[in-house]
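Next comes my_file-v8.cif, with mmCIF, C-alpha atoms.
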data_start
loop_
_atom_site.label_atom_id
_atom_site.label_comp_id
_atom_site.auth_asym_id
_atom_site.auth_seq_id
_atom_site.Cartn_x
_atom_site.Cartn_y
_atom_site.Cartn_z
CA MET A 1 0.00 0.00 0.00
CA TRP A 2 2.70 2.50 1.05
CA ARG A 3 4.76 1.52 -1.96
CA MET A 4 1.86 2.35 -4.26
CA ILE A 5 1.40 5.73 -2.59
CA LEU A 6 5.13 6.37 -2.88
CA LEU A 7 5.22 5.50 -6.58
CA ALA A 8 2.05 7.51 -7.27
CA GLY A 9 3.65 10.47 -5.45
CA GLY A 10 6.82 10.20 -7.56
CA HIS A 11 4.74 9.88 -10.71
CA GLY A 12 2.58 12.91 -9.86
CA LEU A 13 5.60 15.00 -8.90
CA GLY A 14 7.20 14.09 -12.23
CA TRP A 15 4.18 15.28 -14.20
CA VAL A 16 4.06 18.54 -12.25
CA LEU A 17 7.70 19.21 -13.18
CA VAL A 18 7.08 18.21 -16.79
CA TYR A 19 4.19 20.68 -16.96
CA ALA A 20 6.19 23.47 -15.26
CA GLY A 21 9.06 22.97 -17.69
CA TYR A 22 6.86 22.59 -20.77
CA VAL A 23 4.96 25.84 -20.10
CA LYS A 24 8.25 27.75 -19.90
CA VAL A 25 9.96 26.02 -22.82
CA ARG A 26 7.06 26.99 -25.12
CA LEU A 27 7.71 30.70 -24.41
CA PRO A 28 10.80 32.68 -25.45
CA TRP A 29 13.52 32.64 -22.82
CA ILE A 30 13.19 36.39 -22.27
CA SER A 31 9.68 35.87 -20.95
CA PHE A 32 10.97 33.70 -18.10
CA ALA A 33 14.03 35.95 -17.71
CA ALA A 34 11.74 38.89 -16.87
CA THR A 35 10.08 36.78 -14.16
CA ILE A 36 13.42 35.67 -12.67
CA GLU A 37 14.79 39.20 -12.77
CA ALA A 38 11.83 40.48 -10.76
CA TYR A 39 13.05 38.46 -7.76
CA LYS A 40 16.18 40.67 -7.71
CA LEU A 41 18.52 37.85 -6.73
CA LEU A 42 20.75 37.30 -9.74
CA PRO A 43 22.88 39.45 -12.06
CA ALA A 44 21.76 39.81 -15.69
CA ASP A 45 24.04 37.10 -17.10
CA ALA A 46 22.94 34.57 -14.47
CA VAL A 47 19.30 35.48 -15.14
CA VAL A 48 19.77 34.69 -18.83
CA PHE A 49 21.55 31.41 -18.03
CA VAL A 50 18.82 30.26 -15.62
CA ALA A 51 16.05 31.36 -18.01
CA ARG A 52 17.58 29.33 -20.80
CA THR A 53 18.40 26.17 -18.83
CA LEU A 54 15.96 25.78 -15.93
CA PRO A 55 12.85 24.98 -18.02
CA TRP A 56 14.73 22.16 -19.81
CA PHE A 57 16.09 20.91 -16.50
CA GLU A 58 12.57 20.81 -15.01
CA LEU A 59 11.25 19.04 -18.09
CA THR A 60 14.02 16.42 -18.08
CA LEU A 61 13.87 15.83 -14.33
CA GLY A 62 10.09 15.49 -14.47
CA ALA A 63 10.23 13.03 -17.38
CA LEU A 64 12.86 10.94 -15.59
CA LEU A 65 10.75 10.88 -12.42
CA VAL A 66 7.71 9.72 -14.38
CA LEU A 67 9.68 7.02 -16.18
CA THR A 68 11.52 5.86 -13.05
CA SER A 69 8.38 5.59 -10.94
CA MET A 70 6.73 3.65 -13.76
CA ALA A 71 9.76 1.37 -14.07
CA ALA A 72 9.87 0.89 -10.28
CA GLY A 73 6.20 -0.05 -10.26
CA ALA A 74 6.67 -2.49 -13.13
CA SER A 75 9.76 -4.15 -11.60
CA TYR A 76 8.04 -4.54 -8.23
CA GLY A 77 5.01 -6.03 -9.92
CA TYR A 78 7.23 -8.46 -11.82
CA SER A 79 9.28 -9.43 -8.75
CA TYR A 80 6.05 -10.02 -6.80
CA PHE A 81 4.76 -12.58 -9.27
CA ARG A 82 8.10 -14.00 -10.49
CA ARG A 83 10.45 -14.35 -7.58
CA SER A 84 13.81 -13.79 -9.23
CA VAL A 85 17.01 -12.13 -8.08
CA ILE A 86 17.23 -10.06 -11.28
CA ALA A 87 13.75 -8.66 -10.74
CA ALA A 88 14.59 -7.84 -7.13
CA TRP A 89 17.79 -6.06 -8.23
CA ALA A 90 15.83 -4.11 -10.84
CA ALA A 91 13.27 -3.10 -8.23
CA LYS A 92 15.99 -1.97 -5.84
CA GLY A 93 17.84 -0.12 -8.59
CA ASN A 94 14.69 1.68 -9.70
CA MET A 95 13.87 2.66 -6.13
CA MET A 96 17.39 4.02 -5.66
CA ALA A 97 17.04 5.98 -8.90
CA LEU A 98 13.71 7.34 -7.70
CA ALA A 99 15.33 8.34 -4.40
CA ALA A 100 18.14 10.16 -6.23
CA LEU A 101 15.82 11.95 -8.67
CA SER A 102 13.34 12.96 -6.00
CA ALA A 103 16.25 14.23 -3.87
CA VAL A 104 17.25 16.54 -6.76
CA ALA A 105 13.61 17.59 -7.17
CA SER A 106 13.42 18.27 -3.42
CA ALA A 107 16.52 20.44 -3.52
CA LEU A 108 15.05 22.37 -6.46
CA LEU A 109 11.59 22.78 -4.95
CA LEU A 110 12.97 23.75 -1.54
CA THR A 111 15.12 26.42 -3.21
CA PHE A 112 12.04 27.74 -5.05
CA PHE A 113 10.03 27.67 -1.84
CA ALA A 114 12.71 29.56 0.11
CA ILE A 115 12.86 32.23 -2.63
CA LEU A 116 9.07 32.53 -2.68
CA VAL A 117 8.89 32.87 1.11
CA ARG A 118 11.58 35.57 1.06
CA SER A 119 9.81 37.53 -1.69
CA PHE A 120 6.42 37.15 0.00
CA VAL A 121 7.80 38.36 3.33
CA LEU A 122 9.41 41.35 1.58
CA GLY A 123 6.00 42.15 0.08
CA MET A 124 7.24 42.01 -3.50
CA ASP A 125 4.44 42.49 -6.03
CA ILE A 126 5.75 40.06 -8.63
CA ASP A 127 4.76 37.06 -10.70
CA CYS A 128 5.39 33.66 -9.14
CA GLY A 129 6.66 32.31 -12.46
CA CYS A 130 6.10 28.76 -11.22
CA PHE A 131 3.96 27.69 -14.18
CA GLY A 132 4.66 30.45 -16.66
CA PRO A 133 3.88 34.17 -16.56
CA GLY A 134 0.69 35.84 -15.35
CA GLU A 135 0.33 34.29 -11.90
CA LYS A 136 0.97 36.67 -9.01
CA LEU A 137 2.97 35.56 -6.00
CA SER A 138 0.39 35.01 -3.24
CA LEU A 139 -0.32 32.95 -0.17
CA ARG A 140 -2.01 30.41 -2.44
CA THR A 141 1.08 29.96 -4.62
CA LEU A 142 3.20 29.78 -1.49
CA VAL A 143 1.07 27.01 0.05
CA ARG A 144 0.96 25.11 -3.25
CA ASP A 145 4.73 25.23 -3.68
CA GLY A 146 5.24 24.32 -0.01
CA LEU A 147 3.01 21.26 -0.47
CA LEU A 148 4.94 20.26 -3.59
CA ALA A 149 8.25 20.55 -1.75
CA GLY A 150 6.73 18.48 1.09
CA LEU A 151 5.54 15.83 -1.35
CA SER A 152 8.98 15.69 -2.92
CA LEU A 153 10.66 15.26 0.47
CA ALA A 154 8.20 12.53 1.41
CA VAL A 155 8.87 10.69 -1.86
CA THR A 156 12.62 11.02 -1.29
CA ALA A 157 12.40 9.72 2.29
CA GLY A 158 10.12 6.87 1.28
CA ALA A 159 12.28 5.86 -1.68
CA VAL A 160 15.45 5.94 0.43
CA HIS A 161 13.77 3.85 3.13
CA ARG A 162 12.42 1.32 0.61
CA SER A 163 15.68 0.95 -1.26
CA ARG A 164 17.57 0.36 2.01
CA SER A 165 15.10 -1.96 3.62
CA GLN A 166 14.76 -4.22 0.61
CA THR A 167 17.31 -7.01 0.56
CA VAL A 168 18.24 -8.49 -2.75
CA GLY A 169 17.89 -12.24 -2.63
CA SER A 170 14.50 -12.06 -1.06
CA PRO A 171 11.92 -10.71 -3.47
CA ALA A 172 10.28 -7.41 -2.90
CA GLY A 173 7.44 -7.73 -0.46
CA MET B 1 29.23 86.45 -68.30
CA THR B 2 27.01 87.24 -71.27
CA LYS B 3 23.78 89.14 -70.89
CA GLN B 4 21.82 86.00 -71.71
CA THR B 5 23.68 84.03 -68.99
CA GLU B 6 23.12 86.87 -66.50
CA PHE B 7 19.43 86.77 -67.32
CA GLU B 8 19.33 82.97 -66.82
CA VAL B 9 21.07 83.28 -63.41
CA VAL B 10 18.68 86.01 -62.26
CA LEU B 11 15.71 83.95 -63.48
CA TYR B 12 17.05 80.88 -61.68
CA LEU B 13 17.51 82.83 -58.44
CA LEU B 14 14.06 84.32 -58.76
CA ILE B 15 12.50 80.87 -59.28
CA SER B 16 14.51 79.48 -56.34
CA VAL B 17 13.38 82.27 -53.99
CA LEU B 18 9.77 81.88 -55.10
CA SER B 19 9.85 78.08 -54.73
CA CYS B 20 11.43 78.38 -51.27
CA GLY B 21 8.71 80.80 -50.28
CA GLY B 22 6.17 78.35 -51.59
CA ALA B 23 7.75 75.51 -49.63
CA ALA B 24 7.81 77.65 -46.52
CA GLY B 25 4.20 78.45 -47.09
CA GLN B 26 3.48 74.74 -47.45
CA GLY B 27 5.43 74.12 -44.26
CA LYS B 28 3.27 76.63 -42.43
CA THR B 29 0.15 74.96 -43.76
CA ALA B 30 1.49 71.59 -42.65
CA THR B 31 2.28 72.96 -39.19
CA LYS B 32 -1.25 74.26 -38.82
CA GLY B 33 -2.50 70.84 -39.91
CA PRO B 34 -6.01 69.53 -39.66
CA ALA B 35 -8.13 70.48 -36.66
CA ASP B 36 -7.90 67.01 -35.14
CA PRO B 37 -4.78 65.15 -36.27
CA PRO B 38 -4.45 61.45 -35.51
CA ALA B 39 -2.39 60.51 -32.46
CA VAL B 40 1.11 59.38 -33.35
CA LYS B 41 2.00 56.77 -30.80
CA SER B 42 4.79 55.02 -32.66
CA PHE B 43 8.47 55.77 -33.16
CA GLY B 44 11.06 54.68 -35.66
CA SER B 45 10.83 53.11 -39.05
CA LYS B 46 7.86 50.92 -39.90
CA GLY B 47 10.22 48.78 -41.92
CA ALA B 48 12.40 47.96 -38.90
CA PRO B 49 13.01 44.21 -38.46
CA ILE B 50 11.57 44.15 -34.95
CA THR B 51 8.30 45.67 -33.76
CA MET B 52 8.00 46.41 -30.07
CA GLU B 53 4.55 47.10 -28.66
CA VAL B 54 4.45 48.23 -25.05
CA PHE B 55 1.19 48.12 -23.10
CA SER B 56 1.58 50.43 -20.15
CA ASP B 57 -0.18 52.47 -17.51
CA PHE B 58 1.36 55.84 -16.63
CA GLN B 59 0.54 55.43 -12.94
CA CYS B 60 2.01 51.93 -12.61
CA PRO B 61 5.44 51.96 -10.84
CA ALA B 62 6.73 48.97 -12.82
CA CYS B 63 5.89 50.79 -16.08
CA ARG B 64 7.91 53.73 -14.81
CA THR B 65 10.92 51.48 -14.18
CA LEU B 66 10.54 49.89 -17.61
CA PHE B 67 10.28 53.24 -19.36
CA LEU B 68 13.15 54.97 -17.59
CA ASP B 69 15.61 52.04 -17.43
CA THR B 70 14.79 50.02 -20.54
CA ILE B 71 12.67 51.88 -23.08
CA ARG B 72 14.86 55.00 -23.08
CA PRO B 73 18.06 53.15 -24.08
CA VAL B 74 16.06 51.07 -26.59
CA MET B 75 14.86 54.33 -28.18
CA GLN B 76 18.40 55.67 -28.34
CA ASN B 77 20.14 52.53 -29.57
CA TYR B 78 17.57 50.56 -31.54
CA VAL B 79 14.65 52.78 -32.55
CA SER B 80 16.89 55.62 -33.76
CA ALA B 81 19.05 53.10 -35.62
CA GLY B 82 16.03 51.74 -37.50
CA LYS B 83 16.28 48.31 -35.89
CA VAL B 84 13.12 48.52 -33.79
CA TYR B 85 9.72 50.03 -34.54
CA PHE B 86 8.23 51.13 -31.22
CA ILE B 87 4.49 51.37 -30.55
CA HIS B 88 3.03 52.78 -27.35
CA ARG B 89 -0.29 51.26 -26.22
CA ASP B 90 -2.35 52.63 -23.37
CA MET B 91 -3.68 50.26 -20.79
CA PRO B 92 -4.89 52.40 -17.86
CA LEU B 93 -5.81 50.07 -15.02
CA PRO B 94 -8.93 50.82 -12.96
CA VAL B 95 -6.92 50.49 -9.72
CA HIS B 96 -5.02 53.66 -10.59
CA PRO B 97 -7.33 56.69 -10.23
CA TYR B 98 -5.37 59.11 -12.44
CA SER B 99 -3.93 56.78 -15.06
CA ARG B 100 -6.71 57.37 -17.60
CA GLU B 101 -6.34 61.12 -17.19
CA ALA B 102 -2.59 60.75 -17.76
CA ALA B 103 -3.29 58.61 -20.83
CA ARG B 104 -5.57 61.35 -22.18
CA TYR B 105 -2.79 63.93 -21.81
CA ALA B 106 -0.32 61.57 -23.47
CA ASN B 107 -2.70 60.94 -26.37
CA ALA B 108 -3.36 64.65 -26.77
CA ALA B 109 0.40 65.28 -26.79
CA ALA B 110 0.81 62.49 -29.34
CA LYS B 111 -1.43 64.45 -31.70
CA LEU B 112 1.17 67.23 -31.51
CA GLY B 113 4.06 64.78 -31.90
CA LYS B 114 5.10 65.29 -28.28
CA LEU B 115 4.31 61.88 -26.81
CA GLU B 116 7.89 61.01 -25.89
CA GLN B 117 8.46 64.22 -23.96
CA VAL B 118 5.14 63.99 -22.12
CA ALA B 119 5.57 60.28 -21.36
CA GLU B 120 9.03 61.00 -19.94
CA ALA B 121 7.66 63.81 -17.75
CA LEU B 122 4.75 61.66 -16.56
CA TYR B 123 7.01 58.79 -15.61
CA GLU B 124 9.74 60.91 -14.07
CA ARG B 125 7.27 62.82 -11.88
CA GLN B 126 4.85 59.93 -11.37
CA ALA B 127 4.96 60.26 -7.59
CA VAL B 128 3.96 63.94 -7.79
CA TRP B 129 0.82 63.67 -9.92
CA SER B 130 -0.14 60.27 -8.50
CA ALA B 131 -0.41 61.96 -5.11
CA SER B 132 -2.06 65.20 -6.20
CA GLY B 133 -3.93 64.11 -9.31
CA ASN B 134 -2.67 67.24 -11.05
CA VAL B 135 -1.50 65.72 -14.32
CA ASP B 136 -1.91 69.03 -16.13
CA ALA B 137 0.80 70.77 -14.09
CA VAL B 138 3.36 68.06 -14.86
CA VAL B 139 2.58 68.05 -18.59
CA ALA B 140 2.81 71.84 -18.65
CA THR B 141 6.46 71.64 -17.64
CA VAL B 142 7.44 70.13 -20.99
CA LEU B 143 5.02 71.80 -23.41
CA SER B 144 4.78 75.40 -24.54
CA PRO B 145 1.71 77.45 -23.50
CA VAL B 146 0.35 77.21 -27.07
CA GLU B 147 0.78 73.43 -27.06
CA MET B 148 -0.82 73.18 -23.63
CA THR B 149 -3.86 75.11 -24.88
CA ARG B 150 -4.24 72.65 -27.76
CA VAL B 151 -3.73 69.65 -25.44
CA ARG B 152 -6.45 70.96 -23.12
CA GLN B 153 -8.75 71.48 -26.12
CA PHE B 154 -8.21 67.89 -27.23
CA ILE B 155 -8.98 66.64 -23.73
CA LYS B 156 -12.07 68.85 -23.47
CA SER B 157 -13.36 67.47 -26.77
CA GLY B 158 -13.75 64.04 -25.09
CA LYS B 159 -12.61 62.27 -28.23
CA LEU B 160 -9.41 60.83 -26.77
CA ASP B 161 -11.04 58.02 -24.82
CA ALA B 162 -11.90 56.21 -28.02
CA GLY B 163 -8.20 55.82 -28.85
CA ILE B 164 -7.39 54.64 -25.35
CA ASP B 165 -10.27 52.15 -25.38
CA LYS B 166 -9.04 50.84 -28.72
CA ASP B 167 -5.66 50.09 -27.12
CA VAL B 168 -7.37 48.39 -24.17
CA ALA B 169 -9.45 46.27 -26.57
CA MET B 170 -6.24 45.37 -28.39
CA ALA B 171 -4.67 44.36 -25.07
CA ASN B 172 -7.64 42.12 -24.31
CA SER B 173 -7.50 40.52 -27.74
CA GLN B 174 -3.79 39.79 -27.25
CA MET B 175 -4.40 38.31 -23.79
CA VAL B 176 -2.47 41.11 -22.10
CA LYS B 177 -3.54 40.96 -18.47
CA SER B 178 -1.11 43.23 -16.65
CA THR B 179 1.19 46.19 -17.17
CA PRO B 180 3.81 46.55 -18.38
CA THR B 181 3.62 43.94 -21.12
CA ILE B 182 5.91 44.03 -24.14
CA ILE B 183 5.07 42.19 -27.32
CA LEU B 184 8.00 41.82 -29.67
CA THR B 185 7.38 40.73 -33.24
CA HIS B 186 10.14 39.50 -35.49
CA LYS B 187 9.72 37.62 -38.77
CA GLY B 188 6.09 36.83 -37.96
CA GLN B 189 6.89 35.41 -34.53
CA THR B 190 5.61 37.13 -31.40
CA PHE B 191 7.43 37.15 -28.09
CA PRO B 192 5.46 38.31 -25.05
CA ILE B 193 7.31 39.70 -22.04
CA VAL B 194 5.23 40.28 -18.93
CA GLY B 195 6.67 42.68 -16.36
CA VAL B 196 9.87 44.65 -16.26
CA VAL B 197 12.89 43.44 -18.16
CA SER B 198 16.21 45.23 -17.79
CA TYR B 199 17.99 46.75 -20.76
CA PRO B 200 21.04 44.37 -20.70
CA ILE B 201 18.73 41.34 -20.96
CA LEU B 202 16.46 42.89 -23.59
CA ARG B 203 19.54 43.93 -25.58
CA GLN B 204 20.79 40.31 -25.59
CA PHE B 205 17.41 39.15 -26.88
CA LEU B 206 17.17 41.88 -29.53
CA GLU B 207 20.69 41.16 -30.76
CA GLU B 208 19.90 37.45 -30.91
CA GLN B 209 16.79 38.16 -32.98
CA LEU B 210 18.60 40.59 -35.28
CA ARG B 211 21.25 37.96 -36.02
CA LYS B 212 18.57 35.49 -37.19
#
Here is the file; what I need is its structure written in the form of structure tokens.
Amino acid sequence: MWRMILLAGGHGLGWVLVYAGYVKVRLPWISFAATIEAYKLLPADAVVFVARTLPWFELTLGALLVLTSMAAGASYGYSYFRRSVIAAWAAKGNMMALAALSAVASALLLTFFAILVRSFVLGMDIDCGCFGPGEKLSLRTLVRDGLLAGLSLAVTAGAVHRSRSQTVGSPAG
Amino acid sequence: MTKQTEFEVVLYLLISVLSCGGAAGQGKTATKGPADPPAVKSFGSKGAPITMEVFSDFQCPACRTLFLDTIRPVMQNYVSAGKVYFIHRDMPLPVHPYSREAARYANAAAKLGKLEQVAEALYERQAVWSASGNVDAVVATVLSPVEMTRVRQFIKSGKLDAGIDKDVAMANSQMVKSTPTIILTHKGQTFPIVGVVSYPILRQFLEEQLRK
């Protein structure tokens, strides 16, 4: 049961990142650069670099999370019905990959959340930029991003726990 | 010089003087112009490779930052050089009590070809008229008394709102929701920029587009 919730969490988190990246990739980089610049944290060159690379990073990370959680689900399903060492290794490997990817996502989302909290506390009247332009930074966006960061941390903790607790040799159970 | 040549020179000079007088006369007529000239809210060459439309509200602080820090250097370095065709669009937001009044003054000044000067004055002294509501006094600092009389006449006529509303309708049709919003067009592609973008970043983007 917990494994299913964990994999569903990783899958959902992946799609959220895919969507966040896709929305930004569709727009010209300068559109996202204007949003980043409004936070007044980075110099112009760094703003351009982040605006050009971050959407692709989000998209790739999200896609990998989706694929890894799917692969983890499939390998666990296989090892449950066919008790083989290879299937158990695959399940463990996928869970470790999920742990690593969700750890990167957690670091990213926690950074975003910290920046949002700072800007909100400073009373900055700016766009959140989380899912493209046109959405103002508000308590709602703050709570949403906090929940996402929380979900990511929970997936990371769960995946680390599962990958450690599972011994190869005995099938996943 | 023969007598015939002297006569030709005198005739030429006479024709030149008369034609100059005629041109001057035409110039005067052109200066007087029609009673209600159309507002000129664009700058630069229409044939410029990039078109830059800016939807702004004179009372919005972010629009002030964009105008003073970004638009001014763009005007100097890209519009004057024929690389960018700049179009000003009014989008007075209802939350700002004097922004429509400021837009009326700007549109009236545009009819006299003085939009840039008035826009600059409105943005530079935004805090002053935003507090007092006295837009007229700020505009009067950059226009001559004759021009101010004409601007006040245009405003009194009540015809300026139609032009402002047309810009607002255009903003709605282009899904512009907030100010400032820049819409860049290059080779049929449009690039929306919501909010303030600094000149160094915009310059990088413009150069990138111009290289394409």
If the PyMOL selection byres ((chain A) within 7 of (chain B)) is run on the structure shown, which residues does it catch, given as a VMD selection string?
chain A and resid 28 30 to 31 34 44 133
Ground truth for the PyMOL selection byres ((chain A and resi 39) around 10), written as an mmCIF file with C-alpha atoms, in the frame of the given file:
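Written output follows (part_30.cif):
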data_model
loop_
_atom_site.group_PDB
_atom_site.id
_atom_site.type_symbol
_atom_site.label_atom_id
_atom_site.label_comp_id
_atom_site.auth_asym_id
_atom_site.auth_seq_id
_atom_site.Cartn_x
_atom_site.Cartn_y
_atom_site.Cartn_z
ATOM 1 C CA ALA A 34 11.740 38.890 -16.870
ATOM 2 C CA THR A 35 10.080 36.780 -14.160
ATOM 3 C CA ILE A 36 13.420 35.670 -12.670
ATOM 4 C CA GLU A 37 14.790 39.200 -12.770
ATOM 5 C CA ALA A 38 11.830 40.480 -10.760
ATOM 6 C CA LYS A 40 16.180 40.670 -7.710
ATOM 7 C CA LEU A 41 18.520 37.850 -6.730
ATOM 8 C CA LEU A 42 20.750 37.300 -9.740
ATOM 9 C CA ILE A 115 12.860 32.230 -2.630
ATOM 10 C CA LEU A 116 9.070 32.530 -2.680
ATOM 11 C CA ARG A 118 11.580 35.570 1.060
ATOM 12 C CA SER A 119 9.810 37.530 -1.690
ATOM 13 C CA MET A 124 7.240 42.010 -3.500
ATOM 14 C CA ASP A 125 4.440 42.490 -6.030
ATOM 15 C CA ILE A 126 5.750 40.060 -8.630
ATOM 16 C CA ASP A 127 4.760 37.060 -10.700
ATOM 17 C CA CYS A 128 5.390 33.660 -9.140
#
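Using all atoms listed in the file, the residues found no farther than 6 Å from Lys24 of chain A, other than those of its own chain fewer than 2 positions away, are Gly21, Tyr22, Arg26, Leu27, Pro55 and Gly132 of chain A.
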Counting all atoms listed in the file, figure out which residue out of A:Leu101, A:Met70, A:Ala46, A:Ala87 gets nearest to Glu58 of chain A.
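Closest to Glu58 of chain A, using all atoms listed in the file: A:Leu101.
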Once 3 Å is added on each side, what centre and edge lengths in Å to one decimal does the axis-aligned box around all listed atoms of segment 58-64 of chain B have, as lines of an AutoDock Vina configuration file?
center_x = 4.2
center_y = 52.4
center_z = -13.7
size_x = 13.4
size_y = 12.9
size_z = 11.8
Any chance you could resolve the PyMOL selection byres ((chain A and resi 12) around 10) against this file and give the residues as a PyMOL selection string?
chain A and resi 6-11+13-18+62+65-66+69+148+151-152
Close residues, Arg89 of chain B itself excluded, 10 Å, only C-alpha atoms, min 2 positions apart in chain, as a list in words
Lys41, Ser42, Glu53, Val54, Phe55, Ser56, Asp57, Phe86, Ile87, Met91, Pro92, Ala103, Asn107, Gly163, Ile164, Lys166, Asp167, Val168, Met170, Ala171, Thr181 and Ile182 of chain B
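Distance check against Leu160 of chain B using all atoms listed in the file: of B:Lys187, B:Arg203, B:Arg104, B:Leu143, the minimum falls on B:Arg104.
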Which polymer residues, protein or nucleic acid, are no farther than 8 Å from (16.2, 30.9, -22.5), counting all atoms listed in the file, as a list in words?
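Residues lying no farther than 8 Å from the given point: Val25, Pro28, Trp29, Ile30, Phe32, Ala33, Val48, Phe49, Val50, Ala51, Arg52 and Thr53 of chain A.
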Interatomic distance between atom CA of Thr65 of chain B and atom CA of Ala127 of chain B?
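Calculated distance between atom CA of Thr65 of chain B and atom CA of Ala127 of chain B is 12.5 Å.
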Identify, on the basis of only C-alpha atoms, every residue whose closest approach to Arg164 of chain A does not exceed 9 Å; exclude the query and any residue fewer than 3 positions from it along the same chain; express the result as a ChimeraX atom specification.
/A:92,96,159-161,167
Just the selected residues (C-alpha atoms), exported as a tab-separated table (two decimals), in the coordinates of the input, please.
chain	number	residue	atom	x	y	z
A	92	LYS	CA	15.99	-1.97	-5.84
A	96	MET	CA	17.39	4.02	-5.66
A	159	ALA	CA	12.28	5.86	-1.68
A	160	VAL	CA	15.45	5.94	0.43
A	161	HIS	CA	13.77	3.85	3.13
A	167	THR	CA	17.31	-7.01	0.56
Could you jot down the atom CA of Ile86 of chain A to atom CA of Met1 of chain A separation for me, Å, one decimal place?
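These atoms are spaced 22.9 Å apart.
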